[in-house]
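The next block holds one structure in the form of structure tokens; read it before the comments.
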Amino acid sequence: MLSISSGWAVGKPSTAADDHILRTSDGGRTWADVTTSEPVDPQTAKKATAFFRGDRTVWVAYSAAEVP
């Protein structure tokens, strides 16, 4: 969390194989999925590694993750 109300997270919705970038502005009560869209490859899930630098800057690197 960047403050008491705003923050970022890496998460995986139950309906997705890939990690997603999430953002909150209400202290974590709700989260918005702010992941950029791209084609989904069902054979290769993507794992996100993120660095959150402040309220407006995020760097994300994706790598292949094994699909169970």
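All residue names refer to the structure tokens as shown: chains lettered A, B, ... in order, residues numbered from 1 in each chain, ligands numbered from 1 in order.
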
Item to complete: Show which residues sit within 10 Å of A:Met1, as a list in words. Count only C-alpha atoms, and ignore same-chain residues fewer than 5 positions away.
Response: Ser6, Gly7, Trp8, Ala9, Arg23, Thr24, Ser25, Gly27, Gly28, Phe52, Gly54 and Asp55 of chain A

Worksheet entry | Every residue of chain A that DSSP places in strand (DSSP E), as a PyMOL selection string | chain A and resi 7-11+20-24+32-33+45-53+57-65

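Our summary of the geometry notes that atom CA of A:Asp26 is positioned 19.7 Å from atom CA of A:Lys12.
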
Discussion item. Neighbouring residues of A:Phe51 were defined as those with any atom within 7 Å, considering only C-alpha atoms; residues of the same chain fewer than 3 positions away were excluded. Please report them as a count of residues only.
Written reply: 3

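Taking atom CA of A:Ala61 as the reference point, atom CA of A:Lys47 is found at 8.3 Å.
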
Applying 12 Å and only C-alpha atoms, which residues near A:Val40 remain after dropping the ones on its own chain fewer than 2 positions away? List them as a PDB file with N, CA, C and O atoms, in the first residue's frame.
```pdb
ATOM      1  N   ALA A  16      -8.787 -16.761 -14.411  1.00  0.00           N
ATOM      2  CA  ALA A  16      -7.659 -16.464 -15.301  1.00  0.00           C
ATOM      3  C   ALA A  16      -6.452 -17.337 -14.977  1.00  0.00           C
ATOM      4  O   ALA A  16      -6.241 -17.725 -13.834  1.00  0.00           O
ATOM      5  N   ALA A  17      -5.674 -17.635 -16.005  1.00  0.00           N
ATOM      6  CA  ALA A  17      -4.439 -18.384 -15.808  1.00  0.00           C
ATOM      7  C   ALA A  17      -3.260 -17.442 -15.567  1.00  0.00           C
ATOM      8  O   ALA A  17      -2.264 -17.823 -14.974  1.00  0.00           O
ATOM      9  N   ASP A  18      -3.379 -16.204 -16.040  1.00  0.00           N
ATOM     10  CA  ASP A  18      -2.294 -15.235 -15.937  1.00  0.00           C
ATOM     11  C   ASP A  18      -2.435 -14.353 -14.702  1.00  0.00           C
ATOM     12  O   ASP A  18      -3.543 -14.099 -14.227  1.00  0.00           O
ATOM     13  N   ASP A  19      -1.295 -13.862 -14.190  1.00  0.00           N
ATOM     14  CA  ASP A  19      -1.315 -12.855 -13.135  1.00  0.00           C
ATOM     15  C   ASP A  19      -1.871 -11.551 -13.694  1.00  0.00           C
ATOM     16  O   ASP A  19      -1.701 -11.257 -14.879  1.00  0.00           O
ATOM     17  N   THR A  36      -3.167  -4.565 -18.834  1.00  0.00           N
ATOM     18  CA  THR A  36      -3.390  -4.297 -20.251  1.00  0.00           C
ATOM     19  C   THR A  36      -3.843  -5.584 -20.919  1.00  0.00           C
ATOM     20  O   THR A  36      -3.431  -6.679 -20.549  1.00  0.00           O
ATOM     21  N   SER A  37      -4.721  -5.456 -21.891  1.00  0.00           N
ATOM     22  CA  SER A  37      -5.260  -6.653 -22.546  1.00  0.00           C
ATOM     23  C   SER A  37      -4.331  -7.124 -23.653  1.00  0.00           C
ATOM     24  O   SER A  37      -3.661  -6.336 -24.306  1.00  0.00           O
ATOM     25  N   GLU A  38      -4.297  -8.423 -23.816  1.00  0.00           N
ATOM     26  CA  GLU A  38      -3.552  -9.056 -24.903  1.00  0.00           C
ATOM     27  C   GLU A  38      -4.126 -10.448 -25.102  1.00  0.00           C
ATOM     28  O   GLU A  38      -4.845 -10.949 -24.239  1.00  0.00           O
ATOM     29  N   PRO A  42      -3.718 -20.364 -23.893  1.00  0.00           N
ATOM     30  CA  PRO A  42      -4.076 -21.339 -22.856  1.00  0.00           C
ATOM     31  C   PRO A  42      -2.952 -22.317 -22.519  1.00  0.00           C
ATOM     32  O   PRO A  42      -2.994 -22.962 -21.488  1.00  0.00           O
ATOM     33  N   GLN A  43      -1.938 -22.404 -23.367  1.00  0.00           N
ATOM     34  CA  GLN A  43      -0.824 -23.313 -23.118  1.00  0.00           C
ATOM     35  C   GLN A  43       0.279 -22.678 -22.261  1.00  0.00           C
ATOM     36  O   GLN A  43       1.109 -23.384 -21.717  1.00  0.00           O
ATOM     37  N   THR A  44       0.323 -21.361 -22.200  1.00  0.00           N
ATOM     38  CA  THR A  44       1.378 -20.675 -21.467  1.00  0.00           C
ATOM     39  C   THR A  44       0.784 -19.577 -20.596  1.00  0.00           C
ATOM     40  O   THR A  44       0.384 -18.533 -21.101  1.00  0.00           O
ATOM     41  N   ALA A  45       0.734 -19.824 -19.318  1.00  0.00           N
ATOM     42  CA  ALA A  45       0.275 -18.796 -18.379  1.00  0.00           C
ATOM     43  C   ALA A  45       1.432 -17.831 -18.122  1.00  0.00           C
ATOM     44  O   ALA A  45       2.593 -18.195 -18.242  1.00  0.00           O
ATOM     45  N   LYS A  46       1.082 -16.593 -17.763  1.00  0.00           N
ATOM     46  CA  LYS A  46       2.109 -15.589 -17.497  1.00  0.00           C
ATOM     47  C   LYS A  46       2.141 -15.236 -16.014  1.00  0.00           C
ATOM     48  O   LYS A  46       1.120 -14.975 -15.403  1.00  0.00           O
TER      49      LYS A  46
END
```

Fill in: Of the listed residues A:Leu22, A:Val10, A:Trp31, A:Thr15, that which approaches A:Tyr62 most closely, counting only C-alpha atoms
A:Val10
